[in-house]
Amino acid sequence: MTSERAEFLATVSLFSHLKEDELQRLAGQSRYCTFKFGEVIIQEGERDDHLYILISGKANVFKSYRTPKEKRLRVLEPPAYFGELALIDDLVRSATVVAMGDTRTLCLDRLNLDREIERSPLIAKKLLKMLNRRLLALEKTLVNATGGVIPICATCKRVIDQKGAWLTIEQYIMDHTEFKLSHGICPECRDALLSTIPTQRRPAE
């Protein structure tokens with residue numbers, strides 16, 4: 001069984017540069033996980049420490065799943081993997097992944113990976129190298145999605161999309177990427193805003 005999982009891991013880009021003994025050890029720490037149609041595999045905004053690799057079936061990736069702002073980002077097919085950042089940091093999930101049918105995955109958790117890294121630190125170096133390549137590929141995809149140059153109004157700073165509609169730059173970014181935006185106020189704008197308020201009505205510093 002372990003050999004079967006090791007052979008499968010060797011076909012996954014993230015692990016393809018590991019040696020046979022390293023694959024065998026990781027395979028020994030992994031387990032099979034199955035999901036039914038419509039079952040949530042990972043939930044946006046939640047924390048867990050698992051990496052999933054699709055063996056069979058497909059999965060949808062959503063932002064804002066089951067909300068008025070729901071957006072399907074892509075479809076995952078074997079041997080795609082997802083949740084890999086959970087292996088190196090305690091980050092919340094950036095999207096929701098939902099099984100499109102009976103789906104079988106190979107699952108590896110961070111605790112088990114950490115144990116293997118302690119035994120062989122070179123594994124971490126190899127995995128980080130592959131993760132870096134994936135991030136560079138995602139960056140390239142982002143550039144391609146936006147066309148490399150974003151047409152923006154010099155006055156109001158709105159952006160025109162491919163359909164000719166003028167959008168706020170925040171809306172454009174959220175429509176064309178997986179990024180979520182939050183708002184704050186920089187010190188310069190805060191000072192400018194306070195300067196318009198009579199002294200007696202200003203909020204306490």
# chains A, B, ... in the order shown; residues from 1 in each chain; ligands from 1

$ residues_around --residues "A:Leu76" --least-positions-apart "3" --cutoff "7 Å" --atoms "only C-alpha atoms" --output "MDAnalysis selection string"
chainID A and resid 58:60 80

$ write_last_selection --atoms "C-alpha atoms" --output "PDB file, in the first residue's frame"
ATOM      1  CA  LYS A  58     -12.933  16.458  -9.778  1.00  0.00           C
ATOM      2  CA  ALA A  59     -13.371  19.440  -7.488  1.00  0.00           C
ATOM      3  CA  ASN A  60     -14.599  23.008  -7.877  1.00  0.00           C
ATOM      4  CA  ALA A  80      -3.869  18.440  -8.920  1.00  0.00           C
TER       5      ALA A  80
END

$ residues_around --residues "stretch 17-34 of chain A" --least-positions-apart "2" --cutoff "10 Å" --atoms "only C-alpha atoms" --output "NGL selection string"
:A and (1-15 or 36 or 39 or 41 or 51-57 or 99 or 102-109 or 111-113 or 115-117 or 120 or 122-123 or 126-127 or 129-130)

$ residues_around --residues "A:Arg72" --least-positions-apart "6" --cutoff "10 Å" --atoms "only C-alpha atoms" --output "count of residues only"
9

$ atom_distance --atom1 "atom CA of A:Pro187" --atom2 "atom CA of A:Leu91"
28.3 Å

$ residues_around --residues "A:Tyr172" --least-positions-apart "5" --cutoff "8 Å" --atoms "only C-alpha atoms" --output "list in words"
Val159, Asp161 and Leu167 of chain A

$ write_last_selection --atoms "N, CA, C and O atoms" --output "short mmCIF file (atom, residue, chain, number, x, y, z; two decimals), in the first residue's frame"
data_model
loop_
_atom_site.label_atom_id
_atom_site.label_comp_id
_atom_site.auth_asym_id
_atom_site.auth_seq_id
_atom_site.Cartn_x
_atom_site.Cartn_y
_atom_site.Cartn_z
N VAL A 159 -11.34 51.40 -13.67
CA VAL A 159 -10.71 50.53 -14.67
C VAL A 159 -11.78 50.06 -15.65
O VAL A 159 -12.90 49.71 -15.24
N ASP A 161 -13.15 47.21 -18.14
CA ASP A 161 -12.95 45.79 -18.35
C ASP A 161 -13.13 45.44 -19.83
O ASP A 161 -13.33 46.32 -20.68
N LEU A 167 -15.18 50.01 -13.86
CA LEU A 167 -15.30 49.45 -12.51
C LEU A 167 -14.30 50.13 -11.58
O LEU A 167 -13.28 50.65 -12.03
#
